[in-house]
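Just entry.cif here, mmCIF, C-alpha atoms:
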data_structure
#
loop_
_atom_site.group_PDB
_atom_site.id
_atom_site.type_symbol
_atom_site.label_atom_id
_atom_site.label_comp_id
_atom_site.auth_asym_id
_atom_site.auth_seq_id
_atom_site.Cartn_x
_atom_site.Cartn_y
_atom_site.Cartn_z
ATOM 1 C CA MET A 1 31.785 2.300 -5.995
ATOM 2 C CA PHE A 2 28.106 2.489 -6.908
ATOM 3 C CA GLU A 3 28.507 -0.369 -9.364
ATOM 4 C CA GLN A 4 30.024 -2.589 -6.680
ATOM 5 C CA PHE A 5 27.245 -1.605 -4.273
ATOM 6 C CA ASP A 6 24.612 -2.380 -6.900
ATOM 7 C CA ASN A 7 26.051 -5.746 -7.876
ATOM 8 C CA SER A 8 26.689 -7.019 -4.360
ATOM 9 C CA ILE A 9 23.164 -6.272 -3.091
ATOM 10 C CA PHE A 10 21.526 -7.373 -6.312
ATOM 11 C CA HIS A 11 23.362 -10.722 -6.368
ATOM 12 C CA PHE A 12 22.479 -11.333 -2.725
ATOM 13 C CA ILE A 13 18.747 -10.728 -3.225
ATOM 14 C CA ASN A 14 18.529 -12.341 -6.658
ATOM 15 C CA GLY A 15 20.439 -15.372 -5.384
ATOM 16 C CA PHE A 16 17.246 -16.573 -3.678
ATOM 17 C CA ALA A 17 15.356 -16.703 -6.993
ATOM 18 C CA GLY A 18 14.322 -20.148 -8.134
ATOM 19 C CA GLN A 19 12.983 -21.306 -4.773
ATOM 20 C CA PRO A 20 9.342 -22.381 -5.244
ATOM 21 C CA PHE A 21 7.911 -20.623 -2.182
ATOM 22 C CA LEU A 22 9.678 -17.296 -2.777
ATOM 23 C CA ASP A 23 8.917 -17.414 -6.495
ATOM 24 C CA SER A 24 5.228 -17.968 -5.778
ATOM 25 C CA LEU A 25 5.208 -15.133 -3.232
ATOM 26 C CA VAL A 26 6.894 -12.686 -5.602
ATOM 27 C CA ASN A 27 4.656 -13.730 -8.487
ATOM 28 C CA PHE A 28 1.631 -13.090 -6.246
ATOM 29 C CA GLU A 29 2.990 -9.646 -5.364
ATOM 30 C CA GLU A 30 3.499 -8.747 -9.008
ATOM 31 C CA GLN A 31 0.048 -9.864 -10.124
ATOM 32 C CA PHE A 32 -2.118 -8.836 -7.147
ATOM 33 C CA PHE A 33 -2.574 -5.075 -7.537
ATOM 34 C CA LEU A 34 -5.087 -4.875 -4.687
ATOM 35 C CA LEU A 35 -2.235 -5.174 -2.181
ATOM 36 C CA LYS A 36 -0.134 -2.591 -3.996
ATOM 37 C CA GLY A 37 -1.933 0.382 -5.499
ATOM 38 C CA GLY A 38 -5.320 -0.721 -4.200
ATOM 39 C CA LEU A 39 -4.112 -0.619 -0.601
ATOM 40 C CA PHE A 40 -2.766 2.920 -0.935
ATOM 41 C CA MET A 41 -5.873 4.172 -2.708
ATOM 42 C CA GLY A 42 -8.021 2.715 0.076
ATOM 43 C CA VAL A 43 -5.962 4.530 2.702
ATOM 44 C CA TYR A 44 -6.309 7.827 0.853
ATOM 45 C CA CYS A 45 -10.081 7.354 0.589
ATOM 46 C CA TRP A 46 -10.189 6.738 4.354
ATOM 47 C CA LEU A 47 -8.243 9.934 5.005
ATOM 48 C CA TRP A 48 -10.421 11.905 2.568
ATOM 49 C CA PHE A 49 -13.620 11.104 4.480
ATOM 50 C CA GLU A 50 -12.080 11.039 7.968
ATOM 51 C CA TYR A 51 -13.019 14.559 9.056
ATOM 52 C CA ARG A 52 -15.616 17.184 8.238
ATOM 53 C CA GLY A 53 -15.660 20.941 8.452
ATOM 54 C CA GLN A 54 -12.509 23.063 8.367
ATOM 55 C CA ARG A 55 -10.294 20.219 9.590
ATOM 56 C CA GLY A 56 -11.588 18.016 6.803
ATOM 57 C CA ASP A 57 -10.924 20.721 4.207
ATOM 58 C CA ASP A 58 -7.371 21.161 5.473
ATOM 59 C CA GLN A 59 -6.731 17.424 5.289
ATOM 60 C CA ARG A 60 -8.277 17.175 1.832
ATOM 61 C CA ARG A 61 -6.079 20.041 0.705
ATOM 62 C CA THR A 62 -3.019 18.023 1.741
ATOM 63 C CA ILE A 63 -4.388 14.872 0.091
ATOM 64 C CA ILE A 64 -4.850 16.725 -3.194
ATOM 65 C CA ALA A 65 -1.233 17.884 -2.993
ATOM 66 C CA MET A 66 0.024 14.355 -2.228
ATOM 67 C CA VAL A 67 -1.887 12.798 -5.130
ATOM 68 C CA LEU A 68 -0.413 15.455 -7.412
ATOM 69 C CA ALA A 69 3.024 14.750 -5.922
ATOM 70 C CA SER A 70 2.825 11.019 -6.637
ATOM 71 C CA PHE A 71 1.623 11.661 -10.176
ATOM 72 C CA THR A 72 4.400 14.221 -10.678
ATOM 73 C CA ALA A 73 7.005 11.788 -9.355
ATOM 74 C CA LEU A 74 5.798 9.101 -11.745
ATOM 75 C CA VAL A 75 5.893 11.434 -14.757
ATOM 76 C CA ILE A 76 9.347 12.781 -13.886
ATOM 77 C CA ALA A 77 10.682 9.258 -13.378
ATOM 78 C CA ARG A 78 9.466 8.238 -16.828
ATOM 79 C CA CYS A 79 10.947 11.396 -18.360
ATOM 80 C CA PHE A 80 14.296 10.767 -16.681
ATOM 81 C CA SER A 81 14.334 7.207 -17.981
ATOM 82 C CA HIS A 82 14.165 8.631 -21.515
ATOM 83 C CA ILE A 83 16.476 11.616 -21.004
ATOM 84 C CA LEU A 84 19.269 10.040 -18.956
ATOM 85 C CA PRO A 85 21.718 7.527 -20.463
ATOM 86 C CA PHE A 86 20.037 4.185 -21.057
ATOM 87 C CA ARG A 87 20.661 1.588 -18.351
ATOM 88 C CA VAL A 88 20.027 -2.062 -19.165
ATOM 89 C CA ARG A 89 18.049 -3.925 -16.557
ATOM 90 C CA PRO A 90 20.020 -6.513 -14.562
ATOM 91 C CA MET A 91 17.871 -9.356 -15.859
ATOM 92 C CA TYR A 92 19.420 -8.723 -19.291
ATOM 93 C CA ALA A 93 22.843 -7.321 -18.357
ATOM 94 C CA ASP A 94 24.051 -9.633 -15.595
ATOM 95 C CA VAL A 95 25.410 -13.036 -16.642
ATOM 96 C CA HIS A 96 24.920 -14.310 -13.067
ATOM 97 C CA PHE A 97 21.233 -13.492 -13.032
ATOM 98 C CA HIS A 98 19.057 -16.182 -11.428
ATOM 99 C CA ALA A 99 15.753 -16.375 -13.296
ATOM 100 C CA PRO A 100 12.619 -17.196 -11.298
ATOM 101 C CA SER A 101 10.595 -20.279 -12.086
ATOM 102 C CA PHE A 102 7.761 -18.233 -13.645
ATOM 103 C CA PRO A 103 7.990 -16.113 -16.813
ATOM 104 C CA ILE A 104 8.071 -12.326 -16.465
ATOM 105 C CA ALA A 105 5.403 -11.238 -18.949
ATOM 106 C CA PRO A 106 6.322 -7.632 -19.908
ATOM 107 C CA ASN A 107 9.256 -7.098 -22.245
ATOM 108 C CA PHE A 108 11.613 -4.628 -20.539
ATOM 109 C CA VAL A 109 14.450 -4.785 -23.075
ATOM 110 C CA ASP A 110 13.777 -1.239 -24.310
ATOM 111 C CA TRP A 111 12.900 0.144 -20.867
ATOM 112 C CA SER A 112 15.696 1.907 -19.002
ATOM 113 C CA SER A 113 16.262 0.692 -15.471
ATOM 114 C CA PHE A 114 16.983 4.060 -13.831
ATOM 115 C CA PRO A 115 15.072 5.450 -12.007
ATOM 116 C CA SER A 116 12.378 3.093 -10.698
ATOM 117 C CA ASP A 117 8.929 4.576 -11.299
ATOM 118 C CA HIS A 118 7.469 2.071 -8.805
ATOM 119 C CA ALA A 119 9.721 3.441 -6.056
ATOM 120 C CA ALA A 120 9.014 7.042 -7.078
ATOM 121 C CA MET A 121 5.251 6.689 -6.968
ATOM 122 C CA PHE A 122 4.779 4.431 -3.947
ATOM 123 C CA PHE A 123 7.333 6.181 -1.748
ATOM 124 C CA SER A 124 5.618 9.477 -2.514
ATOM 125 C CA LEU A 125 2.240 7.983 -1.584
ATOM 126 C CA ALA A 126 3.642 6.513 1.637
ATOM 127 C CA LEU A 127 5.274 9.811 2.588
ATOM 128 C CA GLY A 128 1.988 11.569 1.883
ATOM 129 C CA VAL A 129 0.290 9.328 4.435
ATOM 130 C CA TYR A 130 3.171 9.988 6.852
ATOM 131 C CA LEU A 131 2.412 13.722 6.749
ATOM 132 C CA LEU A 132 -1.193 13.024 7.779
ATOM 133 C CA TRP A 133 -0.902 9.939 10.004
ATOM 134 C CA ARG A 134 2.661 9.191 11.125
ATOM 135 C CA PRO A 135 2.317 5.659 12.565
ATOM 136 C CA LEU A 136 0.546 4.390 9.462
ATOM 137 C CA GLY A 137 2.942 6.346 7.216
ATOM 138 C CA ILE A 138 5.943 4.598 8.797
ATOM 139 C CA LEU A 139 4.297 1.217 8.236
ATOM 140 C CA LEU A 140 3.578 2.069 4.602
ATOM 141 C CA LEU A 141 7.170 3.206 4.045
ATOM 142 C CA LEU A 142 8.401 -0.167 5.323
ATOM 143 C CA TYR A 143 5.699 -1.901 3.290
ATOM 144 C CA THR A 144 6.832 -0.085 0.143
ATOM 145 C CA ALA A 145 10.479 -0.987 0.722
ATOM 146 C CA ILE A 146 9.843 -4.675 1.504
ATOM 147 C CA TRP A 147 6.702 -5.706 -0.366
ATOM 148 C CA ILE A 148 6.876 -3.469 -3.457
ATOM 149 C CA CYS A 149 10.550 -2.616 -4.050
ATOM 150 C CA LEU A 150 12.385 -5.727 -2.835
ATOM 151 C CA PRO A 151 10.720 -7.993 -5.446
ATOM 152 C CA ARG A 152 12.031 -5.644 -8.141
ATOM 153 C CA LEU A 153 15.544 -6.666 -7.090
ATOM 154 C CA TYR A 154 14.546 -10.298 -6.775
ATOM 155 C CA LEU A 155 13.258 -10.376 -10.353
ATOM 156 C CA GLY A 156 16.180 -8.461 -11.824
ATOM 157 C CA LEU A 157 14.026 -5.533 -12.886
ATOM 158 C CA HIS A 158 16.130 -2.937 -11.059
ATOM 159 C CA TYR A 159 19.439 -2.330 -9.353
ATOM 160 C CA PRO A 160 19.397 -0.946 -5.791
ATOM 161 C CA THR A 161 20.398 2.534 -6.953
ATOM 162 C CA ASP A 162 17.416 2.532 -9.342
ATOM 163 C CA LEU A 163 15.122 2.090 -6.350
ATOM 164 C CA VAL A 164 17.013 4.612 -4.224
ATOM 165 C CA GLY A 165 16.858 7.142 -7.055
ATOM 166 C CA GLY A 166 13.119 6.618 -7.413
ATOM 167 C CA ALA A 167 12.610 6.956 -3.642
ATOM 168 C CA ILE A 168 14.582 10.221 -3.595
ATOM 169 C CA LEU A 169 12.579 11.517 -6.530
ATOM 170 C CA GLY A 170 9.279 10.628 -4.834
ATOM 171 C CA SER A 171 10.403 12.212 -1.550
ATOM 172 C CA ALA A 172 11.474 15.418 -3.282
ATOM 173 C CA SER A 173 8.116 15.604 -5.055
ATOM 174 C CA VAL A 174 6.214 15.165 -1.778
ATOM 175 C CA PHE A 175 8.177 17.805 0.121
ATOM 176 C CA SER A 176 7.929 20.240 -2.803
ATOM 177 C CA LEU A 177 4.170 19.819 -3.216
ATOM 178 C CA GLY A 178 3.713 19.743 0.556
ATOM 179 C CA HIS A 179 5.359 23.154 0.829
ATOM 180 C CA LEU A 180 3.424 24.439 -2.179
ATOM 181 C CA SER A 181 0.106 23.250 -0.731
ATOM 182 C CA LYS A 182 0.454 25.732 2.125
ATOM 183 C CA THR A 183 0.602 28.696 -0.214
ATOM 184 C CA LYS A 184 -2.330 30.936 -1.064
ATOM 185 C CA ALA A 185 -1.858 30.331 -4.801
ATOM 186 C CA PHE A 186 -2.239 26.551 -4.430
ATOM 187 C CA TYR A 187 -5.435 26.972 -2.431
ATOM 188 C CA GLN A 188 -6.870 29.519 -4.838
ATOM 189 C CA TRP A 189 -6.043 27.754 -8.114
ATOM 190 C CA VAL A 190 -6.017 24.060 -7.181
ATOM 191 C CA ALA A 191 -7.537 23.107 -3.836
ATOM 192 C CA ARG A 192 -10.506 25.473 -3.668
ATOM 193 C CA PRO A 193 -11.820 24.734 -7.203
ATOM 194 C CA LEU A 194 -11.611 20.985 -6.546
ATOM 195 C CA LEU A 195 -13.275 21.246 -3.134
ATOM 196 C CA ASN A 196 -16.009 23.447 -4.601
ATOM 197 C CA ALA A 197 -16.531 20.940 -7.407
ATOM 198 C CA GLU A 198 -16.833 18.153 -4.828
ATOM 199 C CA ARG A 199 -19.566 20.059 -3.015
ATOM 200 C CA LYS A 200 -21.394 21.318 -6.096
ATOM 201 C CA TYR A 201 -21.120 18.284 -8.393
ATOM 202 C CA PRO A 202 -20.310 15.291 -6.162
ATOM 203 C CA SER A 203 -21.442 12.711 -8.727
ATOM 204 C CA VAL A 204 -19.063 14.050 -11.395
ATOM 205 C CA PHE A 205 -16.230 14.617 -8.922
ATOM 206 C CA TYR A 206 -16.297 11.122 -7.442
ATOM 207 C CA ALA A 207 -16.807 9.388 -10.786
ATOM 208 C CA LEU A 208 -13.681 11.077 -12.166
ATOM 209 C CA SER A 209 -11.846 10.490 -8.884
ATOM 210 C CA PHE A 210 -12.631 6.786 -9.082
ATOM 211 C CA TRP A 211 -11.112 6.583 -12.559
ATOM 212 C CA LEU A 212 -8.020 8.462 -11.386
ATOM 213 C CA LEU A 213 -7.551 6.283 -8.305
ATOM 214 C CA PHE A 214 -8.099 3.132 -10.333
ATOM 215 C CA GLU A 215 -5.397 4.109 -12.818
ATOM 216 C CA MET A 216 -3.034 5.102 -10.029
ATOM 217 C CA GLY A 217 -3.656 1.743 -8.391
ATOM 218 C CA VAL A 218 -2.447 -0.058 -11.514
ATOM 219 C CA MET A 219 0.384 2.434 -12.202
ATOM 220 C CA PHE A 220 -1.553 3.920 -15.147
ATOM 221 C CA GLY A 221 -1.188 0.620 -16.990
ATOM 222 C CA ASP A 222 -4.108 1.332 -19.318
ATOM 223 C CA VAL A 223 -2.736 4.764 -20.210
ATOM 224 C CA ARG A 224 0.719 3.344 -20.900
ATOM 225 C CA TYR A 225 -0.702 0.574 -23.044
ATOM 226 C CA ALA A 226 -2.766 3.072 -25.049
ATOM 227 C CA ALA A 227 0.236 5.366 -25.501
ATOM 228 C CA ARG A 228 2.480 2.531 -26.703
ATOM 229 C CA HIS A 229 -0.080 1.270 -29.214
ATOM 230 C CA ALA A 230 -1.481 4.601 -30.419
ATOM 231 C CA SER A 231 0.660 4.649 -33.560
ATOM 232 C CA PHE A 232 -2.016 2.764 -35.512
ATOM 233 C CA LEU A 233 -4.219 5.880 -35.324
ATOM 234 C CA PHE A 234 -1.962 7.565 -37.871
ATOM 235 C CA GLN A 235 -2.295 4.658 -40.316
ATOM 236 C CA LEU A 236 -6.079 4.366 -40.555
ATOM 237 C CA SER A 237 -8.017 4.350 -43.784
ATOM 238 C CA PRO A 238 -10.700 7.051 -44.314
ATOM 239 C CA LYS A 239 -13.402 4.499 -43.525
ATOM 240 C CA ASN A 240 -11.792 3.533 -40.219
ATOM 241 C CA GLU A 241 -11.214 7.191 -39.395
ATOM 242 C CA ALA A 242 -14.925 7.836 -39.812
ATOM 243 C CA ILE A 243 -15.696 4.922 -37.484
ATOM 244 C CA LEU A 244 -13.252 6.274 -34.909
ATOM 245 C CA VAL A 245 -14.799 9.751 -35.102
ATOM 246 C CA GLY A 246 -18.218 8.190 -34.573
ATOM 247 C CA ILE A 247 -16.972 6.363 -31.476
ATOM 248 C CA PHE A 248 -15.520 9.559 -30.015
ATOM 249 C CA ALA A 249 -18.755 11.413 -30.804
ATOM 250 C CA MET A 250 -20.727 8.750 -28.948
ATOM 251 C CA ILE A 251 -18.395 8.996 -25.948
ATOM 252 C CA LEU A 252 -18.750 12.783 -25.962
ATOM 253 C CA TYR A 253 -22.550 12.481 -26.146
ATOM 254 C CA ILE A 254 -22.589 10.117 -23.156
ATOM 255 C CA ALA A 255 -20.335 12.506 -21.217
ATOM 256 C CA VAL A 256 -22.732 15.377 -21.971
ATOM 257 C CA LEU A 257 -25.672 13.277 -20.735
ATOM 258 C CA PHE A 258 -23.904 12.584 -17.441
ATOM 259 C CA TRP A 259 -22.945 16.237 -17.074
ATOM 260 C CA ARG A 260 -26.504 17.447 -17.685
ATOM 261 C CA ARG A 261 -27.843 14.960 -15.166
ATOM 262 C CA ALA A 262 -25.267 16.066 -12.596
ATOM 263 C CA THR A 263 -26.072 19.758 -13.045
ATOM 264 C CA LEU A 264 -29.825 19.144 -12.974
ATOM 265 C CA ASP A 265 -29.474 17.036 -9.848
ATOM 266 C CA GLY A 266 -27.449 19.814 -8.248
ATOM 267 C CA SER A 267 -30.060 22.471 -9.018
ATOM 268 C CA SER A 268 -32.870 20.139 -7.950
ATOM 269 C CA ARG A 269 -31.156 19.525 -4.643
ATOM 270 C CA ARG A 270 -30.693 23.234 -4.073
ATOM 271 C CA ASN A 271 -34.362 23.925 -4.904
ATOM 272 C CA GLN A 272 -35.431 21.147 -2.557
ATOM 273 C CA GLU A 273 -33.261 22.586 0.207
ATOM 274 C CA VAL A 274 -34.823 26.016 -0.362
ATOM 275 C CA ARG A 275 -38.345 24.539 -0.215
ATOM 276 C CA GLN A 276 -37.497 22.567 2.910
ATOM 277 C CA SER A 277 -36.017 25.626 4.625
ATOM 278 C CA GLY A 278 -39.109 27.664 3.684
ATOM 279 C CA PHE A 279 -41.405 24.904 4.954
ATOM 280 C CA THR A 280 -39.438 24.699 8.208
ATOM 281 C CA ALA A 281 -39.618 28.468 8.638
ATOM 282 C CA LYS A 282 -43.376 28.356 7.998
ATOM 283 C CA LEU A 283 -43.860 25.654 10.616
ATOM 284 C CA SER A 284 -41.783 27.628 13.087
ATOM 285 C CA GLY A 285 -43.938 30.697 12.453
ATOM 286 C CA GLN A 286 -47.131 28.704 12.965
ATOM 287 C CA ASP A 287 -45.818 27.254 16.216
ATOM 288 C CA LEU A 288 -44.837 30.710 17.406
ATOM 289 C CA GLN A 289 -48.266 32.079 16.540
ATOM 290 C CA ARG A 290 -49.966 29.220 18.401
ATOM 291 C CA GLY A 291 -47.804 29.902 21.414
ATOM 292 C CA ARG A 292 -48.884 33.518 21.443
ATOM 293 C CA SER A 293 -52.576 32.550 21.168
ATOM 294 C CA TYR A 294 -52.184 30.363 24.240
#
Taking this structure as input, can you express it in the form of C-alpha cells?
Amino acid sequence: MFEQFDNSIFHFINGFAGQPFLDSLVNFEEQFFLLKGGLFMGVYCWLWFEYRGQRGDDQRRTIIAMVLASFTALVIARCFSHILPFRVRPMYADVHFHAPSFPIAPNFVDWSSFPSDHAAMFFSLALGVYLLWRPLGILLLLYTAIWICLPRLYLGLHYPTDLVGGAILGSASVFSLGHLSKTKAFYQWVARPLLNAERKYPSVFYALSFWLLFEMGVMFGDVRYAARHASFLFQLSPKNEAILVGIFAMILYIAVLFWRRATLDGSSRRNQEVRQSGFTAKLSGQDLQRGRSY
C-alpha cells in the first residue's frame, strides 16, 4: 500500500522533470540557501528581538526550545537513516526516473532515503514559528511543503513517505520540546543560563549564535563535510600532527583573546554604569540642595 502510494505520487511529480523552466526553478531552489535556511533564520532573529521585558524573555525561552527542537529533529533523522534498513533513493532505484537537465552534484548513493532530514528540520522550524505567530507559521508550513520538500520529489531524492516521516519527526520534536520548555527544569538549566549569558556577555553570545544560525541555514553542511572527511586526521605523519596542534593552539589563543575582551568590556560597562548612576545621584543632590537654598 505504501509502496503504491510512494510510486504513484513520485512518478506524477517527477514526470515534469526535464522541462527547462521547472528545471531552472528547482535548480535555483537547491542552490539558493538564502530562501531556505536563511529565510527561517531571519524570521527567528525577528522574533528574538520583537519584545523586551518579561514578554521578551518568555518568547526567547520558546525560541531557544524551538531551535533545540529543530537541531534534535535533524540529529534523530540522521541517526534513523543509519539505524533503520537502508532505502535506496528513487533517483537510483526507479527505472522510470526522469532526470533533470542539470546534474545533481552530491553523491547520494550511500545515503538512505528515509527519513528526510530536510523535512524534519524545516517542518520543526515552521511549527516553532506557528507557536509564536500563527499566520506566519501557517505560511511557512506551506512554504516548507511546496518550496523545500516538493523539489526533493521532483529530483528523485526522496519518496513521499520519506518526507512525511521527516515531517512527523520534526513535529514530534517541536511538541516535545515545547512541552519541556514550560517546565521549571528547562528554565533553570537551559533558558536562564542562556538569557543571562546574553545579558552579561552579548558579544560572545551573538557571535556564537551567528555561527549556529549560519550552520542551521545551510543544514550544517560544513559540519557534515568535516565529519565525512575527518578520517585523514588518523593518518597524519608526526610532522603534520605537530602542524595541526599548532593550528588548534592558535585558534584557542584567538578564542581566549576574544573571551578576555568580552569579559573586560562587560566589567567596564558595569563600572561605567556605576559611575554614571553615582554622577546622576550627585547632580540630583545638588539640585535638591539648590532648591532648598531658594
Find the residue from A:Val129, A:Gly53, A:Phe114, A:His158 that sits nearest to Asn7 (chain A); use all atoms listed in the file when measuring.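 Ranked by minimum distance to Asn7 (chain A), first place goes to A:His158.
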Evaluated on this file, the PyMOL selection byres ((chain A and resi 55-63) around 8) picks out some residues - which ones are they, written as a PyMOL selection string? chain A and resi 44+47-54+64-67+128+132+178+181+187+191+195
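Using only C-alpha atoms for every distance, the candidate list A:Leu84, A:Gln19, A:Arg261, A:Gly37 yields A:Arg261 as the residue closest to Pro202 (chain A).
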Report the distance between CA of Gly15 (chain A) and CA of Leu157 (chain A) in Å, rounded to one decimal place.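 Atom-to-atom, CA of Gly15 (chain A) and CA of Leu157 (chain A) are spaced 13.9 Å apart.
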Between CA of Trp46 (chain A) and CA of Leu163 (chain A), measure the distance and give it in Å to one decimal.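 Result for CA of Trp46 (chain A) versus CA of Leu163 (chain A): 27.9 Å, one decimal.
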Between A:Phe16, A:Phe122, A:Trp133, A:Phe205, which residue has the minimum interatomic distance to Ser171 (chain A), considering only C-alpha atoms?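 Once distances to Ser171 (chain A) are computed over only C-alpha atoms, the minimum belongs to A:Phe122.
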When you draw a straight line from CA of Leu150 (chain A) to CA of Pro115 (chain A), how long is it in Å?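 These atoms are spaced 14.7 Å apart.
Across A:Met216, A:Leu141, A:Ile254, A:Ala172, the tightest approach to Gly38 (chain A) is made by A:Met216 when counting all atoms listed in the file.
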Check what the PyMOL selection byres ((chain A and resi 109) around 10) selects in the file above and give those residues as a ChimeraX atom specification. /A:88-89,91-93,106-108,110-113
So, with all atoms listed in the file as the atoms that count, which of A:Asp222, A:Asp6, A:Asp117, A:Glu215 lies closest to Ile148 (chain A)?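 That would be A:Asp117, the residue with the smallest distance to Ile148 (chain A).
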I need the residue set behind the PyMOL selection byres ((chain A and resi 79) around 12) for this file; please write it as a list in words.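 Checked against the file, the PyMOL selection byres ((chain A and resi 79) around 12) matches Thr72, Ala73, Leu74, Val75, Ile76, Ala77, Arg78, Phe80, Ser81, His82, Ile83, Leu84, Pro85, Phe86, Trp111, Ser112, Phe114, Pro115, Ser116, Asp117 and Leu169 of chain A.
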I'd like to know which of A:Leu34, A:Cys45, A:Leu264, A:Leu127 is closest to Leu177 (chain A), using all atoms listed in the file. A:Leu127
Polymer residues at most 10 Å from region 98-100 of chain A, only C-alpha atoms, same-chain spacing of 3 or more positions, as an mmCIF file with C-alpha atoms, in the frame of the given file:
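File produced: out10.cif:
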data_model
loop_
_atom_site.group_PDB
_atom_site.id
_atom_site.type_symbol
_atom_site.label_atom_id
_atom_site.label_comp_id
_atom_site.auth_asym_id
_atom_site.auth_seq_id
_atom_site.Cartn_x
_atom_site.Cartn_y
_atom_site.Cartn_z
ATOM 1 C CA HIS A 11 23.362 -10.722 -6.368
ATOM 2 C CA ILE A 13 18.747 -10.728 -3.225
ATOM 3 C CA ASN A 14 18.529 -12.341 -6.658
ATOM 4 C CA GLY A 15 20.439 -15.372 -5.384
ATOM 5 C CA PHE A 16 17.246 -16.573 -3.678
ATOM 6 C CA ALA A 17 15.356 -16.703 -6.993
ATOM 7 C CA GLY A 18 14.322 -20.148 -8.134
ATOM 8 C CA GLN A 19 12.983 -21.306 -4.773
ATOM 9 C CA PRO A 20 9.342 -22.381 -5.244
ATOM 10 C CA LEU A 22 9.678 -17.296 -2.777
ATOM 11 C CA ASP A 23 8.917 -17.414 -6.495
ATOM 12 C CA SER A 24 5.228 -17.968 -5.778
ATOM 13 C CA VAL A 26 6.894 -12.686 -5.602
ATOM 14 C CA ASN A 27 4.656 -13.730 -8.487
ATOM 15 C CA MET A 91 17.871 -9.356 -15.859
ATOM 16 C CA ASP A 94 24.051 -9.633 -15.595
ATOM 17 C CA VAL A 95 25.410 -13.036 -16.642
ATOM 18 C CA PRO A 103 7.990 -16.113 -16.813
ATOM 19 C CA ILE A 104 8.071 -12.326 -16.465
ATOM 20 C CA TYR A 154 14.546 -10.298 -6.775
ATOM 21 C CA LEU A 155 13.258 -10.376 -10.353
ATOM 22 C CA GLY A 156 16.180 -8.461 -11.824
#
